[in-house]
Amino acid sequence: MNTEALPKLKTNLDTDFLKLVAILSMVVDHTGSVFFPQYPVFRWIGRMAFPIFAYCLTVGMLYTHDIKKYLGRLGVFALVSQPFWILAFNSDDILGNLFNLNIFFTLLVSLWTVWGFSQRKWWIFVAGLVITAAVNLDYSYTGIILMLIFYLCRQRPALGAALYTASYLTALWGGYLEDPLALVVGGHPIGFEIFALLSLPLIFLCTHTGVKINKWFFYWFYPAHLLVLFLLQLVVPVVG
């Protein structure tokens, strides 16, 4: 690979390590959501996953040799994962959740939209924004916002970290006491999205772990862990 011809980032390129952290965080999140809904700490830890996925997607966008194949892989696994997503979280109402889309769809639309922005293909960018507004995507516009921050600040990590932090500060006054996932400090509820800030040092400070994992592992892990969660629900009672 001729890396000199590729865009350079001054943020963390240890993406296999980051993806490993993200999927572990995701598993904790989903396990808590299914089996331990009364313990918010599981969901708090899970807030680390999506920003890391969005960041790794941005790195992939900048370094891929074929954006169409990249988008195609995301699309295929979005479709493959959808039935398992429904079974894992909404098996009691399958038909009612056919269009409650899994995270691969969010990543797919976010990547397509921000790629359009990066290439000045404004019709793609606008279309992506419209699709995000019209379709029930998990995290809604968050993926696009984060990817734009990571892309625009790819050589200015300090600015990127500041904008990333600012994007989550609304959680300081966005919580409410009735929300079981809120962090209550001195009687004041803080939205649990604030825990996404735990990912900040992993994204903006370079690590060199040397971890190398086949890329297909990360694609297949998502539907596989959803299937395991569904099967476990058949034999393990929910704590509550």
# chains A, B, ... in the order shown; residues from 1 in each chain; ligands from 1
$ closest_atom_pairs --of "segment 23-119 of chain A" --to "segment 181-196 of chain A" --cutoff "10 Å" --atoms "only C-alpha atoms" --output "Markdown table"
| residue | atom | partner | partner_atom | distance |
| --- | --- | --- | --- | --- |
| A:Pro37 | CA | A:Leu181 | CA | 9.0 |
| A:Gln38 | CA | A:Leu181 | CA | 8.5 |
| A:Tyr39 | CA | A:Leu181 | CA | 8.2 |
| A:Pro40 | CA | A:Leu181 | CA | 5.1 |
| A:Val41 | CA | A:Leu181 | CA | 8.1 |
| A:Phe42 | CA | A:Leu181 | CA | 9.5 |
| A:Arg43 | CA | A:Leu181 | CA | 7.3 |
| A:Trp44 | CA | A:Phe195 | CA | 5.8 |
| A:Ile45 | CA | A:Phe195 | CA | 7.0 |
| A:Gly46 | CA | A:Ala196 | CA | 8.2 |
| A:Arg47 | CA | A:Ala196 | CA | 4.7 |
| A:Met48 | CA | A:Ala196 | CA | 4.9 |
| A:Ala49 | CA | A:Ala196 | CA | 7.9 |
| A:Phe50 | CA | A:Ala196 | CA | 8.1 |
| A:Pro51 | CA | A:Ala196 | CA | 7.0 |
| A:Ile52 | CA | A:Ala196 | CA | 9.2 |
$ write_last_selection --atoms "N, CA, C and O atoms" --output "short mmCIF file (atom, residue, chain, number, x, y, z; two decimals), in the first residue's frame"
data_model
loop_
_atom_site.label_atom_id
_atom_site.label_comp_id
_atom_site.auth_asym_id
_atom_site.auth_seq_id
_atom_site.Cartn_x
_atom_site.Cartn_y
_atom_site.Cartn_z
N PRO A 37 -31.77 -4.82 33.09
CA PRO A 37 -32.22 -3.46 32.77
C PRO A 37 -32.25 -2.52 33.96
O PRO A 37 -32.27 -1.30 33.77
N GLN A 38 -32.26 -3.07 35.17
CA GLN A 38 -32.33 -2.21 36.36
C GLN A 38 -30.95 -1.74 36.81
O GLN A 38 -30.84 -0.98 37.76
N TYR A 39 -29.88 -2.19 36.14
CA TYR A 39 -28.53 -1.76 36.48
C TYR A 39 -27.98 -0.88 35.36
O TYR A 39 -27.45 -1.39 34.36
N PRO A 40 -28.07 0.43 35.48
CA PRO A 40 -27.70 1.33 34.38
C PRO A 40 -26.22 1.31 34.03
O PRO A 40 -25.85 1.74 32.94
N VAL A 41 -25.37 0.81 34.92
CA VAL A 41 -23.93 0.84 34.65
C VAL A 41 -23.60 0.08 33.38
O VAL A 41 -22.66 0.44 32.65
N PHE A 42 -24.36 -0.97 33.05
CA PHE A 42 -24.12 -1.70 31.80
C PHE A 42 -24.31 -0.78 30.60
O PHE A 42 -23.51 -0.78 29.67
N ARG A 43 -25.39 0.00 30.64
CA ARG A 43 -25.70 0.91 29.53
C ARG A 43 -24.73 2.08 29.50
O ARG A 43 -24.41 2.61 28.42
N TRP A 44 -24.26 2.51 30.67
CA TRP A 44 -23.28 3.59 30.71
C TRP A 44 -21.99 3.18 30.00
O TRP A 44 -21.44 3.93 29.19
N ILE A 45 -21.52 1.96 30.31
CA ILE A 45 -20.31 1.45 29.65
C ILE A 45 -20.54 1.34 28.14
O ILE A 45 -19.64 1.62 27.33
N GLY A 46 -21.75 0.98 27.77
CA GLY A 46 -22.06 0.81 26.35
C GLY A 46 -22.00 2.08 25.53
O GLY A 46 -21.92 2.02 24.30
N ARG A 47 -22.05 3.25 26.19
CA ARG A 47 -22.00 4.51 25.43
C ARG A 47 -20.65 4.70 24.74
O ARG A 47 -20.53 5.56 23.85
N MET A 48 -19.65 3.91 25.11
CA MET A 48 -18.35 4.04 24.46
C MET A 48 -18.36 3.52 23.03
O MET A 48 -17.56 3.95 22.19
N ALA A 49 -19.24 2.57 22.74
CA ALA A 49 -19.14 1.82 21.50
C ALA A 49 -19.40 2.64 20.25
O ALA A 49 -18.58 2.65 19.31
N PHE A 50 -20.52 3.34 20.20
CA PHE A 50 -20.90 4.00 18.94
C PHE A 50 -19.90 5.06 18.48
O PHE A 50 -19.55 5.09 17.29
N PRO A 51 -19.41 5.94 19.35
CA PRO A 51 -18.42 6.91 18.87
C PRO A 51 -17.17 6.25 18.29
O PRO A 51 -16.60 6.74 17.30
N ILE A 52 -16.75 5.14 18.88
CA ILE A 52 -15.57 4.45 18.36
C ILE A 52 -15.87 3.84 17.00
O ILE A 52 -15.05 3.92 16.07
#
$ closest_residue --among "A:Phe89, A:Trp112, A:Phe84, A:Trp216" --to "Leu57 of chain A" --atoms "only C-alpha atoms"
A:Trp112
$ closest_residue --among "A:Ile203, A:Ala134, A:Leu163, A:Val76" --to "Leu148 of chain A" --atoms "only C-alpha atoms"
A:Leu163
$ closest_residue --among "A:Val59, A:Leu111, A:Leu129, A:Val28" --to "Arg73 of chain A" --atoms "only C-alpha atoms"
A:Leu111
$ atom_distance --atom1 "atom CA of Pro83 of chain A" --atom2 "atom CA of Leu227 of chain A"
9.1 Å
$ select_by_dssp --residues "segment 60-195 of chain A" --states "alpha helix (DSSP H)" --output "VMD selection string"
chain A and resid 60 to 63 67 to 90 103 to 118 122 to 134 142 to 152 157 to 168
$ select_by_dssp --residues "segment 170-233 of chain A" --states "strand (DSSP E)" --output "list in words"
Leu183, Val184, Val185, His188, Pro189 and Ile190 of chain A
$ closest_residue --among "A:Val80, A:Ile131, A:Leu197, A:Leu202" --to "Tyr219 of chain A" --atoms "only C-alpha atoms"
A:Val80
$ closest_residue --among "A:Asn214, A:Thr142, A:Thr165, A:Gln233" --to "Leu87 of chain A" --atoms "only C-alpha atoms"
A:Gln233
$ closest_residue --among "A:Phe17, A:Asn12, A:Gly116, A:Leu169" --to "Pro157 of chain A" --atoms "only C-alpha atoms"
A:Asn12
$ atom_distance --atom1 "atom CA of Lys212 of chain A" --atom2 "atom CA of Asp16 of chain A"
5.9 Å
$ residues_around --residues "Thr31 of chain A" --least-positions-apart "4" --cutoff "8 Å" --atoms "only C-alpha atoms" --output "PDB file with C-alpha atoms, in the first residue's frame"
ATOM      1  CA  VAL A  27     -21.684  -6.589  24.429  1.00  0.00           C
ATOM      2  CA  PHE A  35     -30.786  -9.232  31.195  1.00  0.00           C
ATOM      3  CA  PHE A  36     -30.073  -6.476  33.732  1.00  0.00           C
ATOM      4  CA  PHE A  42     -24.117  -1.701  31.803  1.00  0.00           C
ATOM      5  CA  LEU A 229     -28.389 -13.002  23.127  1.00  0.00           C
TER       6      LEU A 229
END
$ residues_around --residues "Phe230 of chain A" --least-positions-apart "4" --cutoff "7 Å" --atoms "only C-alpha atoms" --output "PyMOL selection string"
chain A and resi 87-88+226+234
$ write_last_selection --atoms "C-alpha atoms" --output "mmCIF file, in the first residue's frame"
data_model
loop_
_atom_site.group_PDB
_atom_site.id
_atom_site.type_symbol
_atom_site.label_atom_id
_atom_site.label_comp_id
_atom_site.auth_asym_id
_atom_site.auth_seq_id
_atom_site.Cartn_x
_atom_site.Cartn_y
_atom_site.Cartn_z
ATOM 1 C CA LEU A 87 -35.052 -11.424 17.813
ATOM 2 C CA ALA A 88 -32.544 -10.208 20.397
ATOM 3 C CA LEU A 226 -27.274 -10.901 18.644
ATOM 4 C CA LEU A 234 -34.747 -18.777 25.832
#
$ decode --residues "segment 43-83 of chain A" --atoms "N, CA and C atoms" --output "mmCIF file, in the first residue's frame"
data_model
loop_
_atom_site.group_PDB
_atom_site.id
_atom_site.type_symbol
_atom_site.label_atom_id
_atom_site.label_comp_id
_atom_site.auth_asym_id
_atom_site.auth_seq_id
_atom_site.Cartn_x
_atom_site.Cartn_y
_atom_site.Cartn_z
ATOM 1 N N ARG A 43 -25.389 0.000 30.635
ATOM 2 C CA ARG A 43 -25.700 0.906 29.534
ATOM 3 C C ARG A 43 -24.729 2.082 29.500
ATOM 4 N N TRP A 44 -24.264 2.508 30.667
ATOM 5 C CA TRP A 44 -23.276 3.594 30.712
ATOM 6 C C TRP A 44 -21.991 3.179 30.002
ATOM 7 N N ILE A 45 -21.519 1.964 30.306
ATOM 8 C CA ILE A 45 -20.313 1.453 29.648
ATOM 9 C C ILE A 45 -20.538 1.341 28.139
ATOM 10 N N GLY A 46 -21.749 0.983 27.770
ATOM 11 C CA GLY A 46 -22.063 0.809 26.354
ATOM 12 C C GLY A 46 -22.004 2.079 25.535
ATOM 13 N N ARG A 47 -22.049 3.246 26.192
ATOM 14 C CA ARG A 47 -21.995 4.507 25.434
ATOM 15 C C ARG A 47 -20.653 4.703 24.739
ATOM 16 N N MET A 48 -19.649 3.912 25.111
ATOM 17 C CA MET A 48 -18.347 4.045 24.459
ATOM 18 C C MET A 48 -18.357 3.519 23.030
ATOM 19 N N ALA A 49 -19.236 2.572 22.739
ATOM 20 C CA ALA A 49 -19.135 1.818 21.498
ATOM 21 C C ALA A 49 -19.399 2.645 20.246
ATOM 22 N N PHE A 50 -20.520 3.337 20.197
ATOM 23 C CA PHE A 50 -20.903 3.996 18.943
ATOM 24 C C PHE A 50 -19.901 5.056 18.482
ATOM 25 N N PRO A 51 -19.412 5.940 19.352
ATOM 26 C CA PRO A 51 -18.415 6.909 18.868
ATOM 27 C C PRO A 51 -17.168 6.253 18.291
ATOM 28 N N ILE A 52 -16.748 5.137 18.884
ATOM 29 C CA ILE A 52 -15.568 4.446 18.362
ATOM 30 C C ILE A 52 -15.868 3.843 16.999
ATOM 31 N N PHE A 53 -17.044 3.243 16.854
ATOM 32 C CA PHE A 53 -17.425 2.710 15.542
ATOM 33 C C PHE A 53 -17.460 3.823 14.503
ATOM 34 N N ALA A 54 -18.040 4.970 14.863
ATOM 35 C CA ALA A 54 -18.121 6.093 13.929
ATOM 36 C C ALA A 54 -16.729 6.589 13.563
ATOM 37 N N TYR A 55 -15.826 6.604 14.533
ATOM 38 C CA TYR A 55 -14.457 7.045 14.254
ATOM 39 C C TYR A 55 -13.753 6.069 13.314
ATOM 40 N N CYS A 56 -13.857 4.771 13.614
ATOM 41 C CA CYS A 56 -13.205 3.771 12.767
ATOM 42 C C CYS A 56 -13.782 3.795 11.357
ATOM 43 N N LEU A 57 -15.054 4.114 11.237
ATOM 44 C CA LEU A 57 -15.674 4.248 9.928
ATOM 45 C C LEU A 57 -15.064 5.423 9.163
ATOM 46 N N THR A 58 -14.775 6.504 9.878
ATOM 47 C CA THR A 58 -14.142 7.663 9.258
ATOM 48 C C THR A 58 -12.742 7.322 8.768
ATOM 49 N N VAL A 59 -11.986 6.602 9.581
ATOM 50 C CA VAL A 59 -10.654 6.162 9.166
ATOM 51 C C VAL A 59 -10.767 5.271 7.931
ATOM 52 N N GLY A 60 -11.733 4.349 7.967
ATOM 53 C CA GLY A 60 -11.935 3.468 6.823
ATOM 54 C C GLY A 60 -12.279 4.236 5.562
ATOM 55 N N MET A 61 -13.110 5.265 5.695
ATOM 56 C CA MET A 61 -13.483 6.090 4.547
ATOM 57 C C MET A 61 -12.258 6.744 3.918
ATOM 58 N N LEU A 62 -11.350 7.204 4.756
ATOM 59 C CA LEU A 62 -10.172 7.906 4.255
ATOM 60 C C LEU A 62 -9.142 6.963 3.647
ATOM 61 N N TYR A 63 -9.119 5.719 4.090
ATOM 62 C CA TYR A 63 -8.077 4.810 3.659
ATOM 63 C C TYR A 63 -8.544 3.735 2.686
ATOM 64 N N THR A 64 -9.833 3.611 2.479
ATOM 65 C CA THR A 64 -10.314 2.557 1.584
ATOM 66 C C THR A 64 -9.927 2.831 0.138
ATOM 67 N N HIS A 65 -9.724 1.756 -0.610
ATOM 68 C CA HIS A 65 -9.451 1.888 -2.039
ATOM 69 C C HIS A 65 -10.738 1.858 -2.855
ATOM 70 N N ASP A 66 -11.830 1.418 -2.244
ATOM 71 C CA ASP A 66 -13.083 1.277 -2.998
ATOM 72 C C ASP A 66 -14.250 1.551 -2.052
ATOM 73 N N ILE A 67 -14.759 2.772 -2.088
ATOM 74 C CA ILE A 67 -15.843 3.160 -1.193
ATOM 75 C C ILE A 67 -17.112 2.371 -1.494
ATOM 76 N N LYS A 68 -17.319 1.989 -2.757
ATOM 77 C CA LYS A 68 -18.527 1.235 -3.106
ATOM 78 C C LYS A 68 -18.526 -0.132 -2.440
ATOM 79 N N LYS A 69 -17.374 -0.801 -2.436
ATOM 80 C CA LYS A 69 -17.294 -2.096 -1.762
ATOM 81 C C LYS A 69 -17.475 -1.941 -0.263
ATOM 82 N N TYR A 70 -16.933 -0.870 0.281
ATOM 83 C CA TYR A 70 -17.057 -0.603 1.715
ATOM 84 C C TYR A 70 -18.533 -0.411 2.082
ATOM 85 N N LEU A 71 -19.219 0.419 1.314
ATOM 86 C CA LEU A 71 -20.641 0.632 1.537
ATOM 87 C C LEU A 71 -21.423 -0.658 1.320
ATOM 88 N N GLY A 72 -21.019 -1.427 0.324
ATOM 89 C CA GLY A 72 -21.691 -2.686 0.044
ATOM 90 C C GLY A 72 -21.587 -3.668 1.189
ATOM 91 N N ARG A 73 -20.413 -3.769 1.801
ATOM 92 C CA ARG A 73 -20.241 -4.667 2.951
ATOM 93 C C ARG A 73 -21.156 -4.261 4.096
ATOM 94 N N LEU A 74 -21.204 -2.957 4.372
ATOM 95 C CA LEU A 74 -22.074 -2.477 5.441
ATOM 96 C C LEU A 74 -23.538 -2.794 5.128
ATOM 97 N N GLY A 75 -23.924 -2.603 3.871
ATOM 98 C CA GLY A 75 -25.297 -2.877 3.483
ATOM 99 C C GLY A 75 -25.660 -4.341 3.627
ATOM 100 N N VAL A 76 -24.776 -5.226 3.191
ATOM 101 C CA VAL A 76 -25.028 -6.666 3.299
ATOM 102 C C VAL A 76 -25.192 -7.081 4.759
ATOM 103 N N PHE A 77 -24.296 -6.612 5.612
ATOM 104 C CA PHE A 77 -24.368 -7.030 7.015
ATOM 105 C C PHE A 77 -25.490 -6.324 7.760
ATOM 106 N N ALA A 78 -25.926 -5.182 7.276
ATOM 107 C CA ALA A 78 -27.119 -4.554 7.845
ATOM 108 C C ALA A 78 -28.322 -5.455 7.617
ATOM 109 N N LEU A 79 -28.441 -5.983 6.398
ATOM 110 C CA LEU A 79 -29.556 -6.868 6.078
ATOM 111 C C LEU A 79 -29.444 -8.197 6.809
ATOM 112 N N VAL A 80 -28.239 -8.758 6.849
ATOM 113 C CA VAL A 80 -28.022 -10.033 7.547
ATOM 114 C C VAL A 80 -28.357 -9.905 9.030
ATOM 115 N N SER A 81 -28.003 -8.774 9.622
ATOM 116 C CA SER A 81 -28.159 -8.589 11.067
ATOM 117 C C SER A 81 -29.580 -8.267 11.498
ATOM 118 N N GLN A 82 -30.399 -7.743 10.581
ATOM 119 C CA GLN A 82 -31.710 -7.239 10.968
ATOM 120 C C GLN A 82 -32.601 -8.273 11.669
ATOM 121 N N PRO A 83 -32.756 -9.493 11.143
ATOM 122 C CA PRO A 83 -33.596 -10.456 11.865
ATOM 123 C C PRO A 83 -33.054 -10.799 13.245
#
